[in-house]
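Engineer: File name data-v5.cif; file contents mmCIF, C-alpha atoms; full text below.
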```cif
data_input
#
loop_
_atom_site.group_PDB
_atom_site.id
_atom_site.type_symbol
_atom_site.label_atom_id
_atom_site.label_comp_id
_atom_site.auth_asym_id
_atom_site.auth_seq_id
_atom_site.Cartn_x
_atom_site.Cartn_y
_atom_site.Cartn_z
ATOM 1 C CA MET A 14 115.816 29.906 120.372
ATOM 2 C CA LYS A 15 116.570 30.719 116.771
ATOM 3 C CA LYS A 16 112.966 30.360 115.921
ATOM 4 C CA ASN A 17 111.971 32.643 118.745
ATOM 5 C CA LEU A 18 114.664 35.125 117.756
ATOM 6 C CA ARG A 19 113.375 35.145 114.208
ATOM 7 C CA VAL A 20 109.876 35.783 115.463
ATOM 8 C CA LEU A 21 111.100 38.585 117.653
ATOM 9 C CA THR A 22 113.159 40.011 114.849
ATOM 10 C CA THR A 23 110.280 39.819 112.444
ATOM 11 C CA THR A 24 107.998 41.429 114.976
ATOM 12 C CA ALA A 25 110.465 44.167 115.654
ATOM 13 C CA VAL A 26 110.794 44.896 111.948
ATOM 14 C CA ALA A 27 107.017 45.033 111.603
ATOM 15 C CA VAL A 28 106.704 47.387 114.544
ATOM 16 C CA MET A 29 109.400 49.610 113.128
ATOM 17 C CA ALA A 30 107.681 49.645 109.756
ATOM 18 C CA MET A 31 104.362 50.585 111.326
ATOM 19 C CA ALA A 32 106.063 53.298 113.352
ATOM 20 C CA SER A 33 107.686 54.570 110.196
ATOM 21 C CA LEU A 34 104.355 54.649 108.367
ATOM 22 C CA SER A 35 102.690 56.256 111.346
ATOM 23 C CA ALA A 36 105.411 58.907 111.435
ATOM 24 C CA CYS A 37 104.982 59.624 107.715
ATOM 25 C CA GLY A 38 101.218 59.865 108.083
ATOM 26 C CA GLY A 39 101.519 62.267 111.056
ATOM 27 C CA SER A 40 103.943 64.504 109.178
ATOM 28 C CA THR A 41 101.587 64.812 106.187
ATOM 29 C CA THR A 42 98.560 65.712 108.373
ATOM 30 C CA SER A 43 100.511 68.352 110.317
ATOM 31 C CA ALA A 44 101.808 69.966 107.144
ATOM 32 C CA THR A 45 98.333 70.023 105.602
ATOM 33 C CA THR A 46 96.852 71.619 108.726
ATOM 34 C CA ALA A 47 99.553 74.282 108.842
ATOM 35 C CA GLU A 48 99.028 75.043 105.163
ATOM 36 C CA THR A 49 95.267 75.382 105.673
ATOM 37 C CA LYS A 50 95.783 77.740 108.603
ATOM 38 C CA ALA A 51 98.165 79.866 106.592
ATOM 39 C CA GLU A 52 95.726 80.084 103.679
ATOM 40 C CA SER A 53 92.907 81.010 106.069
ATOM 41 C CA ALA A 54 95.002 83.686 107.733
ATOM 42 C CA GLU A 55 96.000 85.054 104.334
ATOM 43 C CA ALA A 56 92.358 85.127 103.218
ATOM 44 C CA GLY A 57 91.379 86.849 106.469
ATOM 45 C CA ALA A 58 94.110 89.420 106.012
ATOM 46 C CA GLU A 59 93.017 90.018 102.429
ATOM 47 C CA SER A 60 89.394 90.414 103.594
ATOM 48 C CA SER A 61 90.452 92.812 106.349
ATOM 49 C CA ASP A 62 92.614 94.784 103.935
ATOM 50 C CA SER A 63 89.713 94.935 101.484
ATOM 51 C CA ALA A 64 87.315 96.192 104.188
ATOM 52 C CA GLU A 65 89.821 98.797 105.355
ATOM 53 C CA ALA A 66 90.418 99.888 101.778
ATOM 54 C CA GLU A 67 86.670 100.188 101.176
ATOM 55 C CA LYS A 68 86.210 102.109 104.424
ATOM 56 C CA SER A 69 89.073 104.425 103.516
ATOM 57 C CA ALA A 70 87.588 104.990 100.060
ATOM 58 C CA ASP A 71 84.179 105.815 101.547
ATOM 59 C CA ALA A 72 85.785 108.274 103.949
ATOM 60 C CA LYS A 73 87.659 109.926 101.090
ATOM 61 C CA ASP A 74 84.451 110.143 99.042
ATOM 62 C CA ALA A 75 82.564 111.699 101.970
ATOM 63 C CA LYS A 76 85.382 114.161 102.529
ATOM 64 C CA ALA A 77 85.440 115.008 98.842
ATOM 65 C CA ASP A 78 81.657 115.503 98.797
ATOM 66 C CA SER A 79 81.902 117.823 101.812
ATOM 67 C CA ALA A 80 84.770 119.729 100.241
ATOM 68 C CA ASP A 81 82.879 120.084 96.963
ATOM 69 C CA LYS A 82 79.655 121.307 98.617
ATOM 70 C CA LYS A 83 79.257 125.087 98.482
ATOM 71 C CA VAL A 84 78.529 127.174 101.560
ATOM 72 C CA LEU A 85 75.775 129.790 101.528
ATOM 73 C CA LYS A 86 76.808 132.605 103.877
ATOM 74 C CA VAL A 87 73.733 134.469 105.084
ATOM 75 C CA ALA A 88 73.898 137.623 107.199
ATOM 76 C CA MET A 89 71.290 138.815 109.691
ATOM 77 C CA GLU A 90 71.144 140.653 113.027
ATOM 78 C CA CYS A 91 70.091 137.611 115.051
ATOM 79 C CA ALA A 92 68.239 140.152 117.216
ATOM 80 C CA TYR A 93 65.048 140.940 115.323
ATOM 81 C CA ALA A 94 62.338 138.496 116.399
ATOM 82 C CA PRO A 95 60.324 136.978 114.892
ATOM 83 C CA TYR A 96 62.477 137.358 111.770
ATOM 84 C CA ASN A 97 65.665 136.265 113.511
ATOM 85 C CA TRP A 98 67.050 135.916 117.011
ATOM 86 C CA THR A 99 69.858 134.433 119.110
ATOM 87 C CA GLN A 100 69.405 131.437 121.422
ATOM 88 C CA PRO A 101 71.794 129.233 123.444
ATOM 89 C CA ASP A 102 71.042 125.873 121.797
ATOM 90 C CA ASP A 103 69.837 124.213 118.587
ATOM 91 C CA SER A 104 66.250 123.657 119.735
ATOM 92 C CA ASN A 105 63.532 123.844 117.063
ATOM 93 C CA GLY A 106 66.161 123.509 114.347
ATOM 94 C CA ALA A 107 68.306 126.556 115.156
ATOM 95 C CA VAL A 108 71.569 126.968 113.230
ATOM 96 C CA PRO A 109 75.013 127.746 114.726
ATOM 97 C CA ILE A 110 76.152 131.345 114.382
ATOM 98 C CA ALA A 111 79.614 131.607 112.836
ATOM 99 C CA ASP A 112 82.469 132.312 115.258
ATOM 100 C CA SER A 113 80.289 131.934 118.341
ATOM 101 C CA ASN A 114 78.843 129.289 120.645
ATOM 102 C CA GLU A 115 75.291 130.537 120.064
ATOM 103 C CA TYR A 116 72.530 129.673 117.595
ATOM 104 C CA ALA A 117 70.174 131.615 115.354
ATOM 105 C CA TYR A 118 66.537 130.908 114.583
ATOM 106 C CA GLY A 119 63.407 132.647 113.390
ATOM 107 C CA TYR A 120 61.591 133.193 110.103
ATOM 108 C CA ASP A 121 64.742 134.280 108.284
ATOM 109 C CA VAL A 122 66.676 131.214 109.445
ATOM 110 C CA MET A 123 63.806 128.934 108.436
ATOM 111 C CA MET A 124 63.817 130.514 104.985
ATOM 112 C CA ALA A 125 67.615 130.324 104.720
ATOM 113 C CA LYS A 126 67.510 126.611 105.611
ATOM 114 C CA LYS A 127 64.900 125.923 102.950
ATOM 115 C CA ILE A 128 66.873 127.767 100.285
ATOM 116 C CA ALA A 129 70.154 126.062 101.219
ATOM 117 C CA ASP A 130 68.520 122.623 101.268
ATOM 118 C CA GLU A 131 66.814 123.127 97.903
ATOM 119 C CA LEU A 132 70.004 124.399 96.269
ATOM 120 C CA GLY A 133 72.312 121.832 97.877
ATOM 121 C CA TYR A 134 74.335 124.292 99.963
ATOM 122 C CA ASP A 135 75.703 124.099 103.481
ATOM 123 C CA LEU A 136 74.320 127.022 105.479
ATOM 124 C CA GLN A 137 76.381 129.453 107.538
ATOM 125 C CA ILE A 138 74.726 132.220 109.565
ATOM 126 C CA VAL A 139 76.781 135.408 110.032
ATOM 127 C CA ARG A 140 75.670 137.825 112.768
ATOM 128 C CA LEU A 141 76.064 141.530 111.931
ATOM 129 C CA ASP A 142 74.644 144.858 113.080
ATOM 130 C CA TRP A 143 71.806 146.241 110.955
ATOM 131 C CA ASP A 144 73.904 148.958 109.312
ATOM 132 C CA SER A 145 76.636 146.437 108.454
ATOM 133 C CA LEU A 146 74.372 144.129 106.444
ATOM 134 C CA ILE A 147 74.462 145.843 103.043
ATOM 135 C CA PRO A 148 78.216 146.600 103.181
ATOM 136 C CA ALA A 149 78.821 142.912 103.934
ATOM 137 C CA VAL A 150 77.012 141.951 100.723
ATOM 138 C CA GLN A 151 78.758 144.619 98.687
ATOM 139 C CA THR A 152 82.228 143.492 99.783
ATOM 140 C CA GLY A 153 81.524 139.787 99.391
ATOM 141 C CA GLN A 154 81.812 139.029 103.104
ATOM 142 C CA VAL A 155 78.498 137.193 102.772
ATOM 143 C CA ASP A 156 76.490 135.843 99.841
ATOM 144 C CA CYS A 157 73.193 137.416 100.815
ATOM 145 C CA VAL A 158 71.219 139.083 103.567
ATOM 146 C CA ILE A 159 67.992 137.529 104.867
ATOM 147 C CA ALA A 160 67.019 139.922 107.605
ATOM 148 C CA GLY A 161 63.568 141.389 107.098
ATOM 149 C CA GLN A 162 64.797 144.081 104.712
ATOM 150 C CA SER A 163 62.118 145.969 102.807
ATOM 151 C CA ILE A 164 62.875 146.477 99.121
ATOM 152 C CA THR A 165 63.341 150.241 99.055
ATOM 153 C CA LYS A 166 64.590 152.219 96.070
ATOM 154 C CA GLU A 167 67.495 153.484 98.152
ATOM 155 C CA ARG A 168 68.630 149.942 98.941
ATOM 156 C CA GLN A 169 68.136 148.860 95.338
ATOM 157 C CA GLU A 170 70.752 151.407 94.349
ATOM 158 C CA ALA A 171 73.276 149.576 96.530
ATOM 159 C CA VAL A 172 72.302 145.905 96.135
ATOM 160 C CA ASP A 173 70.087 143.592 94.112
ATOM 161 C CA PHE A 174 66.992 141.997 95.622
ATOM 162 C CA THR A 175 65.182 138.732 95.031
ATOM 163 C CA ASP A 176 61.424 138.523 94.722
ATOM 164 C CA PRO A 177 59.684 139.157 98.085
ATOM 165 C CA TYR A 178 59.905 136.363 100.631
ATOM 166 C CA TYR A 179 57.359 138.074 102.868
ATOM 167 C CA TYR A 180 54.732 140.815 102.519
ATOM 168 C CA ALA A 181 54.563 142.969 105.645
ATOM 169 C CA SER A 182 52.001 145.642 106.525
ATOM 170 C CA ILE A 183 52.733 148.584 108.831
ATOM 171 C CA VAL A 184 51.400 148.612 112.402
ATOM 172 C CA THR A 185 51.613 150.841 115.457
ATOM 173 C CA LEU A 186 52.390 149.560 118.947
ATOM 174 C CA VAL A 187 51.123 151.326 122.068
ATOM 175 C CA LYS A 188 50.783 150.339 125.706
ATOM 176 C CA ALA A 189 47.349 149.226 126.851
ATOM 177 C CA GLY A 190 45.699 151.980 128.866
ATOM 178 C CA GLY A 191 47.809 154.654 127.242
ATOM 179 C CA LYS A 192 46.714 157.879 125.571
ATOM 180 C CA TYR A 193 46.693 156.411 122.068
ATOM 181 C CA GLU A 194 45.332 152.901 122.656
ATOM 182 C CA ASN A 195 42.058 153.658 120.843
ATOM 183 C CA ALA A 196 43.580 155.359 117.794
ATOM 184 C CA THR A 197 41.955 154.265 114.526
ATOM 185 C CA SER A 198 44.039 156.302 112.090
ATOM 186 C CA VAL A 199 47.380 158.029 111.696
ATOM 187 C CA ALA A 200 45.571 161.303 112.365
ATOM 188 C CA ASP A 201 44.663 160.043 115.834
ATOM 189 C CA LEU A 202 48.379 159.759 116.673
ATOM 190 C CA ALA A 203 48.931 163.528 116.422
ATOM 191 C CA GLY A 204 51.376 164.895 118.997
ATOM 192 C CA ALA A 205 52.695 161.464 120.010
ATOM 193 C CA THR A 206 56.252 160.964 121.192
ATOM 194 C CA CYS A 207 57.531 158.180 118.960
ATOM 195 C CA THR A 208 60.527 156.268 117.683
ATOM 196 C CA SER A 209 61.481 153.280 115.566
ATOM 197 C CA GLN A 210 64.532 151.383 114.385
ATOM 198 C CA GLN A 211 67.250 153.200 112.465
ATOM 199 C CA SER A 212 67.576 152.789 108.700
ATOM 200 C CA THR A 213 63.998 151.559 108.290
ATOM 201 C CA ILE A 214 60.994 152.983 106.459
ATOM 202 C CA TRP A 215 59.191 152.944 109.803
ATOM 203 C CA TYR A 216 61.481 155.714 110.997
ATOM 204 C CA THR A 217 62.256 157.610 107.791
ATOM 205 C CA VAL A 218 58.881 157.351 105.996
ATOM 206 C CA CYS A 219 56.159 156.619 108.557
ATOM 207 C CA LEU A 220 56.931 158.701 111.643
ATOM 208 C CA PRO A 221 57.130 162.011 109.706
ATOM 209 C CA GLN A 222 53.514 161.414 108.593
ATOM 210 C CA ILE A 223 52.300 161.868 112.193
ATOM 211 C CA GLN A 224 51.170 165.460 112.737
ATOM 212 C CA ASP A 225 53.163 167.378 115.369
ATOM 213 C CA ALA A 226 55.019 164.204 116.314
ATOM 214 C CA ASN A 227 57.885 164.346 118.794
ATOM 215 C CA ILE A 228 60.263 162.018 116.955
ATOM 216 C CA LEU A 229 63.031 160.683 119.179
ATOM 217 C CA SER A 230 66.369 159.407 117.910
ATOM 218 C CA ALA A 231 66.137 156.095 116.107
ATOM 219 C CA THR A 232 67.013 152.974 118.065
ATOM 220 C CA ALA A 233 69.859 150.688 117.020
ATOM 221 C CA SER A 234 67.711 147.564 116.945
ATOM 222 C CA ALA A 235 64.133 146.311 117.117
ATOM 223 C CA PRO A 236 64.532 145.082 120.728
ATOM 224 C CA ASP A 237 65.771 148.552 121.722
ATOM 225 C CA MET A 238 62.728 150.071 120.025
ATOM 226 C CA LEU A 239 60.383 147.836 122.006
ATOM 227 C CA MET A 240 62.209 148.530 125.256
ATOM 228 C CA SER A 241 61.721 152.255 124.676
ATOM 229 C CA LEU A 242 57.970 151.719 124.605
ATOM 230 C CA GLU A 243 58.004 149.362 127.583
ATOM 231 C CA ALA A 244 60.025 151.893 129.613
ATOM 232 C CA ASP A 245 57.567 154.710 128.721
ATOM 233 C CA LYS A 246 60.231 156.665 126.868
ATOM 234 C CA CYS A 247 57.721 157.091 124.048
ATOM 235 C CA ASP A 248 54.000 156.798 123.417
ATOM 236 C CA ILE A 249 54.158 154.697 120.263
ATOM 237 C CA VAL A 250 56.507 152.810 117.989
ATOM 238 C CA VAL A 251 55.875 151.988 114.348
ATOM 239 C CA THR A 252 56.980 148.686 112.890
ATOM 240 C CA ASP A 253 55.777 145.866 110.613
ATOM 241 C CA GLN A 254 53.120 143.300 111.447
ATOM 242 C CA PRO A 255 55.400 140.313 112.197
ATOM 243 C CA THR A 256 57.498 142.390 114.590
ATOM 244 C CA GLY A 257 54.273 143.663 116.167
ATOM 245 C CA LYS A 258 52.872 140.158 116.612
ATOM 246 C CA GLY A 259 56.107 138.992 118.148
ATOM 247 C CA ALA A 260 56.142 141.975 120.501
ATOM 248 C CA LEU A 261 52.690 141.057 121.824
ATOM 249 C CA VAL A 262 54.095 137.681 122.920
ATOM 250 C CA ALA A 263 57.048 139.245 124.698
ATOM 251 C CA TYR A 264 55.132 142.241 126.096
ATOM 252 C CA PRO A 265 51.533 141.354 127.073
ATOM 253 C CA ASP A 266 50.824 144.969 128.024
ATOM 254 C CA PHE A 267 51.340 146.124 124.424
ATOM 255 C CA LYS A 268 48.471 146.699 122.013
ATOM 256 C CA MET A 269 48.832 146.557 118.229
ATOM 257 C CA LEU A 270 46.938 149.072 116.082
ATOM 258 C CA GLU A 271 46.233 148.394 112.407
ATOM 259 C CA PHE A 272 44.685 151.135 110.271
ATOM 260 C CA GLY A 273 43.542 149.065 107.295
ATOM 261 C CA GLY A 274 45.914 150.156 104.565
ATOM 262 C CA GLY A 275 43.669 152.958 103.194
ATOM 263 C CA ASP A 276 43.797 156.720 103.418
ATOM 264 C CA ASP A 277 43.756 156.582 107.225
ATOM 265 C CA ASP A 278 46.924 154.470 107.281
ATOM 266 C CA PHE A 279 50.600 155.271 106.758
ATOM 267 C CA GLN A 280 51.211 155.882 103.072
ATOM 268 C CA VAL A 281 53.900 153.539 101.821
ATOM 269 C CA SER A 282 54.648 151.853 98.515
ATOM 270 C CA ASP A 283 54.520 148.109 97.882
ATOM 271 C CA GLU A 284 58.305 148.181 97.573
ATOM 272 C CA ASP A 285 58.534 149.636 101.073
ATOM 273 C CA ILE A 286 56.640 146.799 102.720
ATOM 274 C CA ASN A 287 57.682 143.874 100.514
ATOM 275 C CA ILE A 288 60.528 142.032 102.225
ATOM 276 C CA GLY A 289 63.344 140.711 100.054
ATOM 277 C CA ILE A 290 66.724 138.979 100.124
ATOM 278 C CA SER A 291 69.595 141.269 99.166
ATOM 279 C CA LEU A 292 72.606 140.182 97.116
ATOM 280 C CA LYS A 293 75.661 141.791 95.563
ATOM 281 C CA LYS A 294 74.810 143.650 92.366
ATOM 282 C CA GLY A 295 75.248 141.452 89.318
ATOM 283 C CA ASN A 296 75.015 138.129 91.184
ATOM 284 C CA THR A 297 72.251 136.939 88.874
ATOM 285 C CA GLU A 298 73.099 133.250 89.225
ATOM 286 C CA LEU A 299 72.325 133.166 92.956
ATOM 287 C CA LYS A 300 69.431 135.587 92.572
ATOM 288 C CA ASP A 301 67.755 133.388 89.938
ATOM 289 C CA ALA A 302 68.394 130.255 91.996
ATOM 290 C CA ILE A 303 66.783 131.762 95.118
ATOM 291 C CA ASN A 304 63.850 133.094 93.099
ATOM 292 C CA GLY A 305 63.348 129.549 91.826
ATOM 293 C CA VAL A 306 62.915 128.341 95.402
ATOM 294 C CA LEU A 307 60.603 131.232 96.329
ATOM 295 C CA ALA A 308 58.455 130.476 93.279
ATOM 296 C CA THR A 309 57.440 127.178 94.894
ATOM 297 C CA MET A 310 55.831 129.075 97.810
ATOM 298 C CA ASP A 311 52.952 131.529 98.165
ATOM 299 C CA LYS A 312 51.708 134.082 100.713
ATOM 300 C CA ASP A 313 49.911 131.398 102.715
ATOM 301 C CA ASP A 314 53.149 129.420 103.012
ATOM 302 C CA TYR A 315 54.944 132.544 104.224
ATOM 303 C CA ALA A 316 52.191 133.276 106.748
ATOM 304 C CA LYS A 317 52.307 129.736 108.173
ATOM 305 C CA MET A 318 56.079 129.881 108.493
ATOM 306 C CA MET A 319 55.911 133.264 110.208
ATOM 307 C CA ASP A 320 53.245 132.048 112.644
ATOM 308 C CA GLU A 321 55.488 129.111 113.522
ATOM 309 C CA ALA A 322 58.422 131.450 114.151
ATOM 310 C CA ILE A 323 56.303 133.665 116.390
ATOM 311 C CA SER A 324 55.093 130.636 118.365
ATOM 312 C CA VAL A 325 58.641 129.582 119.355
ATOM 313 C CA GLN A 326 60.417 132.926 119.686
ATOM 314 C CA PRO A 327 62.138 133.560 123.030
ATOM 315 C CA LEU A 328 60.352 136.158 125.115
ATOM 316 C CA ALA A 329 63.639 138.018 125.604
ATOM 317 C CA ASN A 330 63.897 138.841 121.904
#
```
Would you give me this structure, written as structure tokens?

Structural biologist:
Amino acid sequence: MKKNLRVLTTTAVAVMAMASLSACGGSTTSATTAETKAESAEAGAESSDSAEAEKSADAKDAKADSADKKVLKVAMECAYAPYNWTQPDDSNGAVPIADSNEYAYGYDVMMAKKIADELGYDLQIVRLDWDSLIPAVQTGQVDCVIAGQSITKERQEAVDFTDPYYYASIVTLVKAGGKYENATSVADLAGATCTSQQSTIWYTVCLPQIQDANILSATASAPDMLMSLEADKCDIVVTDQPTGKGALVAYPDFKMLEFGGGDDDFQVSDEDINIGISLKKGNTELKDAINGVLATMDKDDYAKMMDEAISVQPLAN
């Protein structure tokens, strides 16, 4: 019995020792695992914090870049196709019109986009009536006007102009089948009832050259001018070639007369038919910058751009 008791006692001690060792081993493994998990979680948190910090920094940089980028405010009528017009969406690359839910496009917008892109500006289109364009430049409401303005001496007294961004010849629009559809010179327009847009050389310089002309009041806009002809309120209207080409798309019953630029044509100066971008007097920095962009283009480039504008203009403009 004593022997058996000793064996049992010895066995019990051994079992207890093994249990004790097993317990110590289990405690060490558990602690190590917990420590590893904690380190992993801490590393993950650090990685997440780092990613968030980097993302936040990128957002701040982007915001700073946007805040630092200058805005080029460009005024136009947005109603003078193919130079500029209003449309309901951004198709063909149209630009939002400030303080509206509409968009502007046309030759002038295409040119404004090119200038803004080359100079690193954001572009903002401001829609104004024709007679409000120059005052807007003078008062600093806008940076410049890109609106098919001819570079007249009268305008040069009020604002500065860039180099021409288009060269436009004078044309006459009549209705096919009308009294003057076969006219080949200004002399052939004698006695015509006529009109054109207000504050343009077409109205102030060209129409008075027609012998015995019945000159109606000037229209407020180019679309109004064209509607006068379409509604038979006049026999002819005088305008520039791009406006004439655009009118033929919108009004298939119109015919465009060109008199060749010689003695049989309307007598105008180069300044009258060269189209420029107007700026506030003394703003030489912006003027020189824009001229730098225009210097990279030629008349063929302008013609291609104008043809593209005419091809996508809305018929309602």

Engineer: Counting only C-alpha atoms, which residues come within 9 Å of (72.5, 142.1, 111.4), with the point read in the file's coordinates, and could you list them as a VMD selection string?

Structural biologist: chain A and resid 88 to 93 139 to 146 158 160

Engineer: Do you know which residues are at most 10 Å from segment 183-198 of chain A counting all atoms listed in the file, after dropping those on the same chain fewer than 5 positions away, and could you put them as a count of residues only?

Structural biologist: 45

Engineer: Running the PyMOL selection byres ((chain A and resi 107-123) around 9) on this model by hand, what would come out? Give it as a ChimeraX atom specification.

Structural biologist: /A:87,89,91-106,124-128,136-140,159-161,315,318-323,325-326

Engineer: Report, in Å to a single decimal, how far apart atom CA of Asn287 of chain A and atom CA of Ile164 of chain A are.

Structural biologist: 6.0 Å

Engineer: If we count all atoms listed in the file and set the cut-off at 8 Å, which residues sit around Ile228 of chain A, ignoring sequence neighbours fewer than 5 positions away in its own chain? Please answer as a ChimeraX atom specification.

Structural biologist: /A:206-208,220-221

Engineer: Any chance you can output those residues with C-alpha atoms as a tab-separated table (two decimals), keeping the file's coordinate frame?

Structural biologist:
```tsv
chain	number	residue	atom	x	y	z
A	206	THR	CA	56.25	160.96	121.19
A	207	CYS	CA	57.53	158.18	118.96
A	208	THR	CA	60.53	156.27	117.68
A	220	LEU	CA	56.93	158.70	111.64
A	221	PRO	CA	57.13	162.01	109.71
```

Engineer: Atom CA of Asp173 of chain A and atom CA of Lys294 of chain A are how many Å apart?

Structural biologist: 5.0 Å

Engineer: Report the distance between atom CA of Asp283 of chain A and atom CA of Ala235 of chain A in Å, rounded to one decimal place.

Structural biologist: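 Spanning atom CA of Asp283 of chain A to atom CA of Ala235 of chain A is a straight-line distance of 21.6 Å.
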
Engineer: Name the closest residue to Pro236 of chain A among the candidates A:Gly204, A:Leu132, A:Pro327, A:Ile147; distances are taken between atoms, counting all atoms listed in the file.

Structural biologist: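 Using all atoms listed in the file, Pro236 of chain A sits closest to A:Pro327.
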
Engineer: Would you please work out which residue, of A:Glu284, A:Glu298, A:Asp135, A:Asp201, is nearest to Ser163 of chain A when using only C-alpha atoms?

Structural biologist: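 Of A:Glu284, A:Glu298, A:Asp135, A:Asp201, the one nearest Ser163 of chain A is A:Glu284, counting only C-alpha atoms.
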